[in-house]
Protein chains: 2
Amino acid sequence: MVNKQSKIPIYYQLEEAIKNEINARGMEPHSPILSEREYAEKHGISRMTVRQAINNLVSQGILYRERGRGTFVSEQKFEQDISQLTSFSEDMRKRQLIPSTKIIKMNECTGPSAIHDKLKLKQTDVIYEIVRLRLANDEPIALETIYTPKKLVSELKDHHIETSFYHYLETTLGLSIKRGFQSIEAGLANSEEVTYLKIKKNDPVLIMHRISFLDDAAGTPIEFVKSIYRADRYKFNIEMNR
Amino acid sequence: MVNKQSKIPIYYQLEEAIKNEINARGMEPHSPILSEREYAEKHGISRMTVRQAINNLVSQGILYRERGRGTFVSEQKFEQDISQLTSFSEDMRKRQLIPSTKIIKMNECTGPSAIHDKLKLKQTDVIYEIVRLRLANDEPIALETIYTPKKLVSELKDHHIETSFYHYLETTLGLSIKRGFQSIEAGLANSEEVTYLKIKKNDPVLIMHRISFLDDAAGTPIEFVKSIYRADRYKFNIEMNR
DNA sequence: GAGTGGTCTAGACCACCGC
DNA sequence: CGGTGGTCTAGACCACTCG
C-alpha cells in the first residue's frame with residue numbers, strides 16, 4: 001500500500017509495490033497488470049502519478065505498454081545488464097572463479113605525457129602507476145597496469161588495491177563510475193608478460209585498453225588501464241543491443 | 001515554434017525545437033537552457049508538457065538537470081550508441097573505411113549439430129553456411145562464417161550477401177534484430193586463414209563468435225557467426241555503462 | 001527571497017483495441 | 001461500445017540553490 005504522508009515519493013512507492021506484486025504473485029511474462037485508472041483509484045492518487053511509476057518500470061524493461069490493450073509484464077529484463085562495465089573481480093565471480101591479486105609495482109610518476117592527455121591532466125599532476133597480476137583460482141590470468149590521478153584517489157595504500165580497485169573507488173571514496181571505453185586487440189606475449197602469466201614466448205594474448213569516467217557533469221577520467229590476458233584462459237563476453 | 005493544432009504531439013515538437021536551439025546557437029556543454037516555466041509561457045503550454053519533452057532529452061543524454069539550478073546541455077551525446085550491435089559494413093563505415101565482400105563459399109547443410117542447438121533448430125532443418133572474406137579499402141580484414149536457418153531467410157542469392165547481410169535481413173526481409181551475444185578471444189592463424197587474410201602462419205588473430213536474436217516474443221536466433229580478424233589491422237571498440 | 005526542478009492533483013479529450 | 005494508454009491543462013506545494 002502507498003503511504004501519502006511518507007517522505008518517499010508516491011510514484012516510487014508504487015514502483016516498488018508493482019514490482020512486489022509481480023514477484024509475489026509469480027506473474028508470468030505478458031500477463032497484464034492493473035490499468036492506470038485502477039491503480040489511481042485503488043491508492044487514491046492521481047493517474048499522472050501512476051503513469052510516472054509505470055513509465056519508470058517501462059524504461060527499466062520490467063513492463064511494456066500496448067495502446068488500447070493495457071500494460072504487461074516483460075519477457076526478460078536483461079536491459080540494464082547489457083554490456084556492463086565490470087572490474088576483474090566482478091568478472092571472475094560471475095564466471096564462478098575466485099579472484100585474487102598480486103601487486104607487482106606501485107609508484108607515483110609524472111609521465112608519460114600520453115597518459116596525462118588521456119586522463120585530461122596537467123603535465124605536473126602526479127599519477128599512480130600500478131601493476132598487478134590478476135589470478136583466478138590461483139592461476140595467473142592477466143597482467144594489468146592502471147594509471148590513475150593521485151588527486152582523485154588521495155593516498156593509495158597496498159590494501160586498497162589488493163582486492164578490487166573499483167570497490168575501493170566506489171565504497172571507500174564514494175566515487176561513482178559512469179562508463180568506460182574499451183578496445184580489445186590480439187598480440188603475442190613479450191618476455192615480461194611470459195614470466196608473470198606463466199606462458200611461452202609468442203603465445204597469443206588479448207590486449208585490453210580501457211579508460212573510465214566518473215558520473216559527474218564533467219565526466220572526469222578516473223583510470224586508464226592496459227591489461228594483458230592469457231588467450232588460453234580468457235575470452236571476453238559481450239551482450240549487445242541493436 | 002510549437003504548433004498546437006498539429007497532430008504531432010507538442011512535447012515532441014518541443015524536443016525538436018530544443019535540439020535545434022542547441023545546435024543552431026552552438027550552445028556549449030554545461031550552458032543552461034530556459035527554465036521549464038519559461039518554455040511553458042513562451043509556447044503557451046503547460047509546464048508538465050515541457051517536462052515531458054525535457055525528460056525525453058535527459059534520457060537521451062542530451063540534457064541534464066540540477067535541482068534548484070536549472071537544466072543544462074550535456075557534455076557528450078553518446079546516448080544509445082553504447083555497445084551497439086553492428087554489422088561489418090556499418091563498423092567499417094564508422095571507421096571511415098570502404099567495406100567490400102568476397103564470397104568464398106555458400107552452401108546448404110544440415111550439420112554440425114552444435115550449430116543446430118545454438119540456433120534452436122531441429123536436426124532436419126536446413127542451414128545456410130556462408131563463408132565471406134571481408135575487406136576494408138580492398139585490404140582483407142576478416143574471414144567470416146555465417147550459419148543462418150533457411151526457413152527464416154528464404155532463398156539466399158549471392159547478391160543478398162555481397163554487401164551487408166544485416167541490411168538484407170532488415171530491409172528486404174523486414175526482420176528486426178534485437179540483440180546479440182559476442183565472445184572475443186585471441187589465437188594464431190591457421191593455414192586457411194593465412195591464405196585469405198594475407199598474413200603469415202602463427203600471426204595473432206582475433207576470434208569473434210556471435211549469436212544474434214530477432215526482436216520477436218520468442219527471441220528467435222537468426223545467425224551464428226564466427227569471424228577471424230587480422231590483429232594487425234583490427235581492434236574491437238566497446239563503450240560500456242556501469 | 002526569488003527562481004529552479006521534483007512531485008502531485010483532478011480533471012479533459014484523443015486514438016486505439018476488442019467485443 | 002467501453003476500456004485502455006497517450007497527451008495535455010492549470011494550477012499547487014515542496015526542497016533546493018544562489019545571491
# chains A, B, ... in the order shown; residues from 1 in each chain; ligands from 1
$ residues_around --residues "DT4 of chain C" --least-positions-apart "2" --cutoff "8 Å" --atoms "only C-alpha atoms (C1' of nucleotides)" --output "PyMOL selection string"
(chain B and resi 35+67-70) or (chain D and resi 16-17)
$ write_last_selection --atoms "C-alpha atoms (C1' of nucleotides)" --output "PDB file, in the first residue's frame"
ATOM      1  CA  SER B  35      13.667  27.063 -17.344  1.00  0.00           C
ATOM      2  CA  ARG B  67      17.734  20.656  -8.767  1.00  0.00           C
ATOM      3  CA  GLY B  68      17.494  24.295  -7.749  1.00  0.00           C
ATOM      4  CA  ARG B  69      19.891  25.351 -10.531  1.00  0.00           C
ATOM      5  CA  GLY B  70      18.441  24.537 -13.906  1.00  0.00           C
TER       6      GLY B  70
ATOM      7  C1'  DC D  16      16.945  23.022  -3.193  1.00  0.00           C
ATOM      8  C1'  DT D  17      20.454  26.752  -4.885  1.00  0.00           C
TER       9       DT D  17
END
$ interface_residues --of "chain A" --to "chain D" --cutoff "12 Å" --atoms "only C-alpha atoms (C1' of nucleotides)" --output "list in words"
Lys7, Pro9, Pro32, Ile33, Leu34, Ser35, Glu36, Arg37, Glu38, Arg47, Met48, Arg51, Ile54, Asn55, Tyr64, Arg65, Glu66, Arg67, Gly68, Arg69, Gly70, Thr71 and Phe72 of chain A
$ write_last_selection --atoms "N, CA and C atoms" --output "mmCIF file, in the first residue's frame"
data_model
loop_
_atom_site.group_PDB
_atom_site.id
_atom_site.type_symbol
_atom_site.label_atom_id
_atom_site.label_comp_id
_atom_site.auth_asym_id
_atom_site.auth_seq_id
_atom_site.Cartn_x
_atom_site.Cartn_y
_atom_site.Cartn_z
ATOM 1 N N LYS A 7 7.784 10.596 3.305
ATOM 2 C CA LYS A 7 8.637 11.495 2.537
ATOM 3 C C LYS A 7 9.101 10.842 1.234
ATOM 4 N N PRO A 9 8.625 9.531 -2.320
ATOM 5 C CA PRO A 9 7.649 9.893 -3.349
ATOM 6 C C PRO A 9 6.662 8.765 -3.616
ATOM 7 N N PRO A 32 -1.224 -9.138 -17.837
ATOM 8 C CA PRO A 32 -1.487 -7.708 -17.649
ATOM 9 C C PRO A 32 -1.467 -7.304 -16.182
ATOM 10 N N ILE A 33 -0.991 -6.104 -15.904
ATOM 11 C CA ILE A 33 -1.154 -5.544 -14.559
ATOM 12 C C ILE A 33 -2.446 -4.724 -14.567
ATOM 13 N N LEU A 34 -2.799 -4.141 -13.433
ATOM 14 C CA LEU A 34 -3.994 -3.297 -13.378
ATOM 15 C C LEU A 34 -3.837 -2.125 -14.342
ATOM 16 N N SER A 35 -4.951 -1.538 -14.718
ATOM 17 C CA SER A 35 -4.886 -0.364 -15.589
ATOM 18 C C SER A 35 -4.463 0.849 -14.766
ATOM 19 N N GLU A 36 -4.039 1.892 -15.448
ATOM 20 C CA GLU A 36 -3.600 3.098 -14.758
ATOM 21 C C GLU A 36 -4.712 3.670 -13.888
ATOM 22 N N ARG A 37 -5.938 3.668 -14.414
ATOM 23 C CA ARG A 37 -7.047 4.226 -13.635
ATOM 24 C C ARG A 37 -7.348 3.378 -12.411
ATOM 25 N N GLU A 38 -7.163 2.061 -12.548
ATOM 26 C CA GLU A 38 -7.412 1.191 -11.395
ATOM 27 C C GLU A 38 -6.392 1.443 -10.274
ATOM 28 N N ARG A 47 -3.861 9.858 -11.643
ATOM 29 C CA ARG A 47 -3.420 8.956 -12.708
ATOM 30 C C ARG A 47 -2.033 9.343 -13.200
ATOM 31 N N MET A 48 -1.728 10.625 -13.226
ATOM 32 C CA MET A 48 -0.413 11.062 -13.682
ATOM 33 C C MET A 48 0.700 10.502 -12.794
ATOM 34 N N ARG A 51 1.198 7.024 -13.796
ATOM 35 C CA ARG A 51 1.945 6.969 -15.054
ATOM 36 C C ARG A 51 3.436 7.142 -14.823
ATOM 37 N N ILE A 54 4.777 3.827 -13.669
ATOM 38 C CA ILE A 54 4.801 2.835 -14.742
ATOM 39 C C ILE A 54 5.841 3.203 -15.798
ATOM 40 N N ASN A 55 5.955 4.491 -16.111
ATOM 41 C CA ASN A 55 6.989 4.931 -17.055
ATOM 42 C C ASN A 55 8.366 4.455 -16.615
ATOM 43 N N TYR A 64 5.840 -3.461 -20.292
ATOM 44 C CA TYR A 64 5.669 -2.811 -21.587
ATOM 45 C C TYR A 64 4.206 -2.461 -21.767
ATOM 46 N N ARG A 65 3.968 -1.444 -22.573
ATOM 47 C CA ARG A 65 2.596 -0.988 -22.773
ATOM 48 C C ARG A 65 2.121 -1.348 -24.164
ATOM 49 N N GLU A 66 0.792 -1.514 -24.301
ATOM 50 C CA GLU A 66 0.199 -1.590 -25.629
ATOM 51 C C GLU A 66 -1.041 -0.729 -25.646
ATOM 52 N N ARG A 67 -1.007 0.254 -26.500
ATOM 53 C CA ARG A 67 -2.090 1.220 -26.596
ATOM 54 C C ARG A 67 -3.407 0.515 -26.847
ATOM 55 N N GLY A 68 -4.388 0.876 -26.069
ATOM 56 C CA GLY A 68 -5.712 0.300 -26.251
ATOM 57 C C GLY A 68 -5.876 -1.072 -25.617
ATOM 58 N N ARG A 69 -4.752 -1.687 -25.192
ATOM 59 C CA ARG A 69 -4.853 -3.027 -24.596
ATOM 60 C C ARG A 69 -4.529 -3.022 -23.112
ATOM 61 N N GLY A 70 -3.393 -2.465 -22.766
ATOM 62 C CA GLY A 70 -3.042 -2.467 -21.352
ATOM 63 C C GLY A 70 -1.535 -2.439 -21.137
ATOM 64 N N THR A 71 -1.134 -2.734 -19.917
ATOM 65 C CA THR A 71 0.289 -2.752 -19.563
ATOM 66 C C THR A 71 0.627 -4.153 -19.061
ATOM 67 N N PHE A 72 1.768 -4.685 -19.498
ATOM 68 C CA PHE A 72 2.058 -6.095 -19.288
ATOM 69 C C PHE A 72 3.464 -6.307 -18.728
#
$ residues_around --residues "segment 93-103 of chain B" --least-positions-apart "4" --cutoff "10 Å" --atoms "only C-alpha atoms (C1' of nucleotides)" --output "PyMOL selection string"
chain B and resi 86+88-89+130-144+158-159+161-164
$ closest_atom_pairs --of "chain B" --to "chain A" --cutoff "7 Å" --atoms "only C-alpha atoms" --output "tab-separated table"
residue	atom	partner	partner_atom	distance
B:Glu75	CA	A:Ala218	CA	6.8
B:Ser83	CA	A:Met240	CA	5.8
B:Gln84	CA	A:Asn241	CA	5.4
B:Leu85	CA	A:Arg242	CA	5.0
B:Ile177	CA	A:Arg242	CA	6.5
B:Lys178	CA	A:Arg242	CA	5.3
B:Arg179	CA	A:Asn241	CA	4.2
B:Gly180	CA	A:Met240	CA	5.2
B:Phe181	CA	A:Glu239	CA	4.5
B:Gln182	CA	A:Ile238	CA	5.0
B:Ser183	CA	A:Asn237	CA	4.4
B:Ile184	CA	A:Phe236	CA	5.0
B:Glu185	CA	A:Lys235	CA	4.7
B:Ala186	CA	A:Ala231	CA	5.3
B:Gly187	CA	A:Pro204	CA	5.6
B:Leu188	CA	A:Pro204	CA	6.6
B:Pro204	CA	A:Gly187	CA	5.5
B:Val205	CA	A:Ala186	CA	6.0
B:Leu206	CA	A:Ala186	CA	5.7
B:Ala231	CA	A:Ala186	CA	5.3
B:Lys235	CA	A:Glu185	CA	4.7
B:Phe236	CA	A:Ile184	CA	5.0
B:Asn237	CA	A:Ser183	CA	4.4
B:Ile238	CA	A:Gln182	CA	5.0
B:Glu239	CA	A:Phe181	CA	4.5
B:Met240	CA	A:Gly180	CA	5.2
B:Asn241	CA	A:Arg179	CA	4.2
B:Arg242	CA	A:Leu85	CA	5.0
$ write_last_selection --atoms "C-alpha atoms" --output "compact mmCIF listing (two decimals), in the first residue's frame"
# COMPACT_ATOMS: atom_id res chain seq x y z
CA GLU B 75 28.99 17.16 -22.38
CA SER B 83 27.67 -1.03 -27.29
CA GLN B 84 25.59 -1.30 -30.40
CA LEU B 85 25.41 -4.49 -32.34
CA ILE B 177 17.47 -7.84 -34.93
CA LYS B 178 17.23 -7.11 -31.25
CA ARG B 179 20.42 -8.21 -29.56
CA GLY B 180 23.47 -10.35 -29.87
CA PHE B 181 25.90 -12.17 -27.66
CA GLN B 182 29.56 -11.98 -28.63
CA SER B 183 32.73 -13.52 -27.38
CA ILE B 184 36.19 -12.34 -28.33
CA GLU B 185 39.35 -14.35 -27.95
CA ALA B 186 42.86 -14.39 -29.34
CA GLY B 187 44.52 -17.12 -31.35
CA LEU B 188 47.06 -17.87 -34.04
CA PRO B 204 47.96 -13.34 -33.98
CA VAL B 205 44.25 -13.10 -34.84
CA LEU B 206 41.08 -12.12 -33.02
CA ALA B 231 45.18 -8.50 -35.30
CA LYS B 235 40.66 -4.00 -32.88
CA PHE B 236 37.28 -4.06 -31.18
CA ASN B 237 35.98 -0.86 -29.63
CA ILE B 238 33.33 -1.10 -26.97
CA GLU B 239 31.64 1.57 -24.94
CA MET B 240 30.18 0.37 -21.68
CA ASN B 241 27.98 1.69 -18.91
CA ARG B 242 28.12 0.95 -15.24
$ interface_residues --of "chain C" --to "chain B" --cutoff "10 Å" --atoms "only C-alpha atoms (C1' of nucleotides)" --output "number ranges by chain"
C: 3-6
$ select_by_dssp --residues "segment 59-237 of chain B" --states "strand (DSSP E or B)" --output "JSON, numbers by chain"
{"B": [63, 64, 65, 66, 70, 71, 72, 73, 84, 99, 100, 101, 102, 103, 104, 105, 106, 107, 108, 109, 127, 128, 129, 130, 131, 132, 133, 134, 135, 136, 139, 140, 141, 142, 143, 144, 145, 146, 147, 148, 149, 177, 178, 179, 180, 181, 182, 183, 184, 185, 186, 187, 188, 204, 205, 206, 207, 208, 209, 210, 211, 212, 213, 214, 221, 222, 223, 224, 225, 226, 227, 228, 229, 230, 236, 237]}
$ select_by_dssp --residues "segment 68-108 of chain B" --states "alpha helix (DSSP H)" --output "list in words"
Phe88, Ser89, Glu90, Asp91, Met92, Arg93 and Lys94 of chain B
$ atom_distance --atom1 "atom CA of Lys105 of chain A" --atom2 "atom CA of Leu119 of chain A"
20.3 Å
